[in-house]
Amino acid sequence: MSDAVMDLGMSPRVTELRDKVREMVQGEVLPLEDEYLAEVNKGDRWTYTPRMNEILESLKAEARKRGLWNFWLTDSERGYGLSTVEYAYLAEEMGKAHLGAETFNCSAPDTGNMEVFERYANDELKQKWLKPLLEGEIRSAYLMTEPDVASSDATNISMSCVRDGDDYVLNGEKWWSSGAGDPRCKVYIVMVKTGGDDDPRHSQHSMIVVPAGSEGVEILRPMQVYSMDDAPHGHMHIRFTNVRVPASNLLLGEGRGFEISQGRLGPGRIHHCMRAIGQAEHALALMCKRSTQREAFGKPLAQLGANFDIIANARMEIEQARLLCLKAAWMMDQGDARAAAPWISQIKVVAPAVALKVTDEAVQMFGAQGVSQDTPLARQWMHLRTLRLADGPDAVHRRQVARQELKQYTQQKMG
Ligand SMILES: Cc1cc2nc3c(=O)[nH]c(=O)nc-3n(C[C@H](O)[C@H](O)[C@H](O)COP(=O)(O)OP(=O)(O)OC[C@H]3O[C@@H](n4cnc5c(N)ncnc54)[C@H](O)[C@@H]3O)c2cc1C
């Protein structure tokens with residue numbers, strides 16, 4: 001590990017930014033969310049009603065006016081030049097609202113995709129896709145997972161991508177393509193197989209840019225998460241039949257997909273964790289308010305049964321998760337992706353689990369209302385449960401952590 005001093009605290013500039021983001025999330029975003037979510041059910045769930053557009057665009061315009069935009073571009077001259085540790089404090093605040101990240105143009109999967117465009121795309125692709133993404137004018141999706149292979153092992157990815165003259169031709173299916181249901185989603189970054197089975201396992205794959213709506217791209221259905229379609233964002237099942245894109249859309253070069261995914265998935269994963277900690281804080285706040293304001297058996301709920309312990313455990317677990325998240329962020333800031341990977345894996349297991357547990361306890365404290373549409377808790381629970389699968393299931397990250405730990409004791413490759 002680097003022997004640099006590990007400073008996980010908030011710098012003065014981040015304290016100021018954090019306060020501004022908090023003020024905007026609490027004062028502007030949260031008050032509009034119920035109305036926004038109710039609008040989704042009016043008419044076609046896969047389009048934006050005029051009011052949804054108005055809410056989103058006015059929030060984005062206000063964020064830009066206040067100078068709160070594209071914080072996620074860490075270590076880049078285009079953004080604020082924040083470190084990952086600094087960004088963590090802002091992402092936590094954004095996590096407290098459903099529309100929080102999008103308000104500041106910091107939402108998944110766009111941030112990971114923009115990072116890929118920024119680092120690996122040629123000028124033409126940057127102009128065409130990165131520019132409108134940075135402006136918040138379009139959205140994007142990242143297509144790796146496939147129905148027919150165990151995609152937690154990305155070396156299994158099988159979508160074929162064959163060079164034909166000046167083009168590549170893609171065939172196969174993807175599913176769980178988050179955000180691809182959104183009518184504003186205009187571009188996909190797709191993990192494909194360009195090499196043969198005899199090539200080294202981590203050199204068989206590539207990433208390629210495919211405009212949404214290309215001929216041969218067919219959206220088959222939205223996948224449901226516990227019976228919910230998450231419209232209009234959506235997690236789509238998509239078929240590619242002879243989809244043709246220019247050869248210059250291939251990023252970095254054939255066989256270099258894993259190089260890119262190392263860069264893409266690290267920041268994306270940790271951003272999810274930072275927001276999950278914000279969700280846990282939000283759930284704990286709701287739980288505390290509820291348990292002090294509602295009475296049963298002659299006492300506030302907080303004083304009944306094990307509720308004191310539940311609240312105390314929630315606070316302690318959130319604090320532990322936050323510190324681990326900041327340490328993983330700090331490891332990323334040291335610039336050695338390989339050294340940071342096991343730390344990202346640790347927090348990718350811990351943050352969703354802690355946030356899910358706290359949210360579940362908050363649901364319980366709210367009684368039946370907790371599972372209803374009248375609090376954000378049910379939707380948040382569902383999202384956090386899926387986060388134990390998305391961006392790598394828990395078991396895959398535990399494998400990373402254990403392998404790293406065991407390295408000190410044996411030359412043999414374990415796991
Ligand atoms: C809401 C949601 C959004 C998503 N968004 C996207 C997206 O935008 N783009 C995208 O490409 N994908 C997305 N995914 C897919 C997600 O990344 C995959 O589901 C995940 O990588 C696992 O792949 P799989 O479903 O094929 O599971 P499999 O690979 O079949 O694994 C199933 C299970 O096997 C077990 N397992 C696997 N490996 C190990 C191991 N080493 N040790 C022990 N047990 C193991 C685990 O329990 C694992 O959960 C999303 C998923 C969800 C639920």
# chains A, B, ... in the order shown; residues from 1 in each chain; ligands from 1
>>> select_by_dssp(residues="range 23-206 of chain A", states="alpha helix (DSSP H)", output="number ranges by chain")
A: 23-24, 30-40, 50-65, 84-94, 100-103, 110-120, 123-125, 131-134
>>> residues_near_ligand(ligand="ligand 1", cutoff="8 Å", atoms="only C-alpha atoms and all ligand atoms", output="JSON, numbers by chain")
{"A": [109, 141, 142, 143, 144, 145, 146, 147, 148, 149, 150, 151, 152, 153, 154, 174, 175, 176, 177, 178, 179, 225, 235, 383, 386, 387, 389, 390, 391, 392, 393, 394, 395, 396, 397, 398, 399, 415]}
>>> write_last_selection(atoms="N, CA and C atoms", output="mmCIF file, in the first residue's frame")
data_model
loop_
_atom_site.group_PDB
_atom_site.id
_atom_site.type_symbol
_atom_site.label_atom_id
_atom_site.label_comp_id
_atom_site.auth_asym_id
_atom_site.auth_seq_id
_atom_site.Cartn_x
_atom_site.Cartn_y
_atom_site.Cartn_z
ATOM 1 N N PRO A 109 -26.036 4.781 -15.774
ATOM 2 C CA PRO A 109 -24.677 4.367 -16.113
ATOM 3 C C PRO A 109 -23.887 5.439 -16.864
ATOM 4 N N ALA A 141 -26.420 3.722 -22.219
ATOM 5 C CA ALA A 141 -26.519 2.448 -21.500
ATOM 6 C C ALA A 141 -25.237 1.650 -21.717
ATOM 7 N N TYR A 142 -24.988 0.746 -20.789
ATOM 8 C CA TYR A 142 -23.794 -0.107 -20.862
ATOM 9 C C TYR A 142 -24.279 -1.551 -20.963
ATOM 10 N N LEU A 143 -23.924 -2.207 -22.062
ATOM 11 C CA LEU A 143 -24.479 -3.541 -22.345
ATOM 12 C C LEU A 143 -23.384 -4.597 -22.246
ATOM 13 N N MET A 144 -23.386 -5.300 -21.135
ATOM 14 C CA MET A 144 -22.447 -6.400 -21.002
ATOM 15 C C MET A 144 -23.204 -7.722 -20.795
ATOM 16 N N THR A 145 -24.115 -7.749 -19.845
ATOM 17 C CA THR A 145 -24.746 -8.999 -19.408
ATOM 18 C C THR A 145 -25.587 -9.646 -20.505
ATOM 19 N N GLU A 146 -25.483 -10.970 -20.592
ATOM 20 C CA GLU A 146 -26.218 -11.729 -21.626
ATOM 21 C C GLU A 146 -27.051 -12.827 -20.982
ATOM 22 N N PRO A 147 -28.212 -13.131 -21.599
ATOM 23 C CA PRO A 147 -29.086 -14.145 -20.992
ATOM 24 C C PRO A 147 -28.490 -15.554 -20.982
ATOM 25 N N ASP A 148 -27.675 -15.874 -21.965
ATOM 26 C CA ASP A 148 -27.275 -17.277 -22.121
ATOM 27 C C ASP A 148 -25.971 -17.670 -21.445
ATOM 28 N N VAL A 149 -25.280 -16.704 -20.844
ATOM 29 C CA VAL A 149 -24.010 -17.059 -20.184
ATOM 30 C C VAL A 149 -23.956 -16.443 -18.790
ATOM 31 N N ALA A 150 -23.183 -17.090 -17.903
ATOM 32 C CA ALA A 150 -22.998 -16.554 -16.544
ATOM 33 C C ALA A 150 -22.131 -15.308 -16.675
ATOM 34 N N SER A 151 -22.782 -14.149 -16.611
ATOM 35 C CA SER A 151 -22.090 -12.915 -16.960
ATOM 36 C C SER A 151 -21.279 -12.351 -15.806
ATOM 37 N N SER A 152 -21.415 -12.953 -14.602
ATOM 38 C CA SER A 152 -20.553 -12.497 -13.508
ATOM 39 C C SER A 152 -19.100 -12.837 -13.834
ATOM 40 N N ASP A 153 -18.896 -13.798 -14.720
ATOM 41 C CA ASP A 153 -17.570 -14.062 -15.273
ATOM 42 C C ASP A 153 -17.578 -13.478 -16.688
ATOM 43 N N ALA A 154 -17.080 -12.253 -16.801
ATOM 44 C CA ALA A 154 -17.236 -11.524 -18.069
ATOM 45 C C ALA A 154 -16.465 -12.172 -19.218
ATOM 46 N N LYS A 174 -28.457 -9.126 -25.360
ATOM 47 C CA LYS A 174 -28.043 -8.553 -24.075
ATOM 48 C C LYS A 174 -29.292 -8.403 -23.227
ATOM 49 N N TRP A 175 -29.142 -8.458 -21.928
ATOM 50 C CA TRP A 175 -30.279 -8.102 -21.071
ATOM 51 C C TRP A 175 -29.791 -7.355 -19.848
ATOM 52 N N TRP A 176 -30.746 -6.822 -19.089
ATOM 53 C CA TRP A 176 -30.437 -5.965 -17.950
ATOM 54 C C TRP A 176 -29.622 -4.744 -18.378
ATOM 55 N N SER A 177 -29.993 -4.197 -19.534
ATOM 56 C CA SER A 177 -29.317 -2.999 -20.034
ATOM 57 C C SER A 177 -30.004 -1.792 -19.406
ATOM 58 N N SER A 178 -29.468 -1.350 -18.279
ATOM 59 C CA SER A 178 -30.128 -0.291 -17.501
ATOM 60 C C SER A 178 -30.128 1.025 -18.256
ATOM 61 N N GLY A 179 -31.282 1.647 -18.270
ATOM 62 C CA GLY A 179 -31.417 2.963 -18.901
ATOM 63 C C GLY A 179 -31.782 2.887 -20.371
ATOM 64 N N VAL A 225 -37.956 -5.998 -11.991
ATOM 65 C CA VAL A 225 -37.268 -6.178 -10.716
ATOM 66 C C VAL A 225 -38.358 -6.327 -9.659
ATOM 67 N N HIS A 235 -34.655 -1.783 -17.561
ATOM 68 C CA HIS A 235 -33.495 -2.686 -17.666
ATOM 69 C C HIS A 235 -33.846 -3.628 -18.822
ATOM 70 N N HIS A 383 -34.134 -1.358 -4.996
ATOM 71 C CA HIS A 383 -32.917 -0.943 -5.702
ATOM 72 C C HIS A 383 -31.675 -1.517 -5.013
ATOM 73 N N THR A 386 -31.037 -5.171 -5.615
ATOM 74 C CA THR A 386 -30.446 -5.488 -6.922
ATOM 75 C C THR A 386 -28.969 -5.100 -6.976
ATOM 76 N N LEU A 387 -28.596 -4.146 -6.132
ATOM 77 C CA LEU A 387 -27.189 -3.722 -6.127
ATOM 78 C C LEU A 387 -26.271 -4.826 -5.592
ATOM 79 N N LEU A 389 -26.345 -7.596 -6.858
ATOM 80 C CA LEU A 389 -26.075 -8.371 -8.088
ATOM 81 C C LEU A 389 -25.401 -7.511 -9.149
ATOM 82 N N ALA A 390 -25.967 -6.333 -9.361
ATOM 83 C CA ALA A 390 -25.461 -5.471 -10.449
ATOM 84 C C ALA A 390 -24.023 -5.057 -10.159
ATOM 85 N N ASP A 391 -23.257 -4.869 -11.234
ATOM 86 C CA ASP A 391 -21.825 -4.545 -11.116
ATOM 87 C C ASP A 391 -21.066 -5.617 -10.347
ATOM 88 N N GLY A 392 -21.498 -6.848 -10.518
ATOM 89 C CA GLY A 392 -20.808 -7.978 -9.896
ATOM 90 C C GLY A 392 -21.497 -8.440 -8.628
ATOM 91 N N PRO A 393 -21.966 -9.700 -8.597
ATOM 92 C CA PRO A 393 -22.608 -10.216 -7.386
ATOM 93 C C PRO A 393 -21.633 -10.269 -6.205
ATOM 94 N N ASP A 394 -22.193 -10.248 -4.996
ATOM 95 C CA ASP A 394 -21.371 -10.274 -3.771
ATOM 96 C C ASP A 394 -20.279 -11.344 -3.834
ATOM 97 N N ALA A 395 -20.670 -12.553 -4.263
ATOM 98 C CA ALA A 395 -19.731 -13.687 -4.209
ATOM 99 C C ALA A 395 -18.487 -13.411 -5.053
ATOM 100 N N VAL A 396 -18.675 -12.731 -6.165
ATOM 101 C CA VAL A 396 -17.541 -12.461 -7.061
ATOM 102 C C VAL A 396 -16.578 -11.473 -6.399
ATOM 103 N N HIS A 397 -17.136 -10.506 -5.689
ATOM 104 C CA HIS A 397 -16.271 -9.539 -4.995
ATOM 105 C C HIS A 397 -15.590 -10.181 -3.789
ATOM 106 N N ARG A 398 -16.315 -11.051 -3.101
ATOM 107 C CA ARG A 398 -15.677 -11.757 -1.971
ATOM 108 C C ARG A 398 -14.494 -12.574 -2.475
ATOM 109 N N ARG A 399 -14.658 -13.159 -3.656
ATOM 110 C CA ARG A 399 -13.586 -13.963 -4.249
ATOM 111 C C ARG A 399 -12.330 -13.094 -4.438
ATOM 112 N N GLY A 415 -8.661 -19.874 -5.673
ATOM 113 C CA GLY A 415 -10.004 -19.438 -6.103
ATOM 114 C C GLY A 415 -10.159 -19.424 -7.589
#
>>> closest_atom_pairs(of="range 53-116 of chain A", to="range 131-139 of chain A", cutoff="8 Å", atoms="only C-alpha atoms", output="CSV")
residue,atom,partner,partner_atom,distance
A:Asn70,CA,A:Leu134,CA,7.1
A:Asn105,CA,A:Gly136,CA,6.1
A:Asp110,CA,A:Arg139,CA,6.5
A:Met114,CA,A:Leu133,CA,7.0
>>> atom_distance(atom1="CA of Gly100 in chain A", atom2="CA of Val25 in chain A")
6.3 Å
>>> residues_around(residues="Gly266 in chain A", least_positions_apart="2", cutoff="9 Å", atoms="only C-alpha atoms", output="list in words")
Gly112, Ser261, Gln262, Gly263, Arg264, Gly268, Arg269, Ile270, His271, Met332, Ala337, Ala340, Ala341, Ile344 and Ser345 of chain A
>>> residues_around(residues="range 319-328 of chain A", least_positions_apart="3", cutoff="6 Å", atoms="only C-alpha atoms", output="ChimeraX atom specification")
/A:85,316,331,343-344,347,351
>>> closest_residue(among="A:Lys193, A:Thr292, A:Arg244, A:Met236", to="Phe258 in chain A", atoms="only C-alpha atoms")
A:Lys193
>>> closest_residue(among="A:Arg379, A:Lys289, A:Arg403, A:Lys299", to="Phe366 in chain A", atoms="only C-alpha atoms")
A:Lys289
>>> closest_residue(among="A:Ala231, A:Leu68, A:Val245, A:Leu220", to="Leu170 in chain A", atoms="only C-alpha atoms")
A:Val245
>>> closest_residue(among="A:Arg256, A:Lys186, A:Lys407, A:Lys60", to="Met207 in chain A", atoms="only C-alpha atoms")
A:Arg256
>>> residues_around(residues="Lys126 in chain A", least_positions_apart="6", cutoff="12 Å", atoms="only C-alpha atoms", output="VMD selection string")
chain A and resid 113 to 120 132 to 134 209 249 251
>>> write_last_selection(atoms="N, CA and C atoms", output="PDB file, in the first residue's frame")
ATOM      1  N   ASN A 113     -19.957   5.547 -18.483  1.00  0.00           N
ATOM      2  CA  ASN A 113     -19.837   5.618 -19.943  1.00  0.00           C
ATOM      3  C   ASN A 113     -19.078   6.877 -20.379  1.00  0.00           C
ATOM      4  N   MET A 114     -19.369   7.988 -19.711  1.00  0.00           N
ATOM      5  CA  MET A 114     -18.658   9.222 -20.075  1.00  0.00           C
ATOM      6  C   MET A 114     -17.163   9.052 -19.806  1.00  0.00           C
ATOM      7  N   GLU A 115     -16.871   8.360 -18.716  1.00  0.00           N
ATOM      8  CA  GLU A 115     -15.464   8.123 -18.383  1.00  0.00           C
ATOM      9  C   GLU A 115     -14.784   7.333 -19.500  1.00  0.00           C
ATOM     10  N   VAL A 116     -15.504   6.347 -20.031  1.00  0.00           N
ATOM     11  CA  VAL A 116     -14.952   5.552 -21.137  1.00  0.00           C
ATOM     12  C   VAL A 116     -14.736   6.431 -22.365  1.00  0.00           C
ATOM     13  N   PHE A 117     -15.738   7.240 -22.704  1.00  0.00           N
ATOM     14  CA  PHE A 117     -15.575   8.137 -23.862  1.00  0.00           C
ATOM     15  C   PHE A 117     -14.399   9.080 -23.634  1.00  0.00           C
ATOM     16  N   GLU A 118     -14.315   9.616 -22.434  1.00  0.00           N
ATOM     17  CA  GLU A 118     -13.254  10.579 -22.148  1.00  0.00           C
ATOM     18  C   GLU A 118     -11.871   9.958 -22.307  1.00  0.00           C
ATOM     19  N   ARG A 119     -11.732   8.736 -21.780  1.00  0.00           N
ATOM     20  CA  ARG A 119     -10.400   8.132 -21.769  1.00  0.00           C
ATOM     21  C   ARG A 119     -10.030   7.408 -23.050  1.00  0.00           C
ATOM     22  N   TYR A 120     -11.034   6.794 -23.711  1.00  0.00           N
ATOM     23  CA  TYR A 120     -10.679   5.844 -24.776  1.00  0.00           C
ATOM     24  C   TYR A 120     -11.230   6.171 -26.158  1.00  0.00           C
ATOM     25  N   PRO A 132     -22.777  15.730 -25.791  1.00  0.00           N
ATOM     26  CA  PRO A 132     -24.173  15.829 -25.305  1.00  0.00           C
ATOM     27  C   PRO A 132     -24.397  15.135 -23.958  1.00  0.00           C
ATOM     28  N   LEU A 133     -23.569  14.111 -23.652  1.00  0.00           N
ATOM     29  CA  LEU A 133     -23.712  13.478 -22.332  1.00  0.00           C
ATOM     30  C   LEU A 133     -23.268  14.436 -21.234  1.00  0.00           C
ATOM     31  N   LEU A 134     -22.172  15.119 -21.468  1.00  0.00           N
ATOM     32  CA  LEU A 134     -21.688  16.083 -20.469  1.00  0.00           C
ATOM     33  C   LEU A 134     -22.677  17.229 -20.275  1.00  0.00           C
ATOM     34  N   VAL A 209     -19.023   1.122 -29.662  1.00  0.00           N
ATOM     35  CA  VAL A 209     -20.085   2.112 -29.487  1.00  0.00           C
ATOM     36  C   VAL A 209     -21.174   1.865 -30.532  1.00  0.00           C
ATOM     37  N   ASN A 249     -15.789   2.782 -34.461  1.00  0.00           N
ATOM     38  CA  ASN A 249     -16.541   2.811 -33.197  1.00  0.00           C
ATOM     39  C   ASN A 249     -15.962   1.858 -32.160  1.00  0.00           C
ATOM     40  N   LEU A 251     -13.545   0.721 -29.441  1.00  0.00           N
ATOM     41  CA  LEU A 251     -12.724   1.538 -28.539  1.00  0.00           C
ATOM     42  C   LEU A 251     -11.381   0.884 -28.269  1.00  0.00           C
TER      43      LEU A 251
END
>>> residues_around(residues="Asn313 in chain A", least_positions_apart="3", cutoff="12 Å", atoms="only C-alpha atoms", output="JSON, numbers by chain")
{"A": [284, 306, 307, 308, 309, 310, 316, 317, 318, 319, 320, 354, 355, 357, 358, 361]}
>>> residues_around(residues="Thr84 in chain A", least_positions_apart="5", cutoff="8 Å", atoms="only C-alpha atoms", output="list in words")
Thr74, Ala329, Trp330, Met332 and Asp333 of chain A
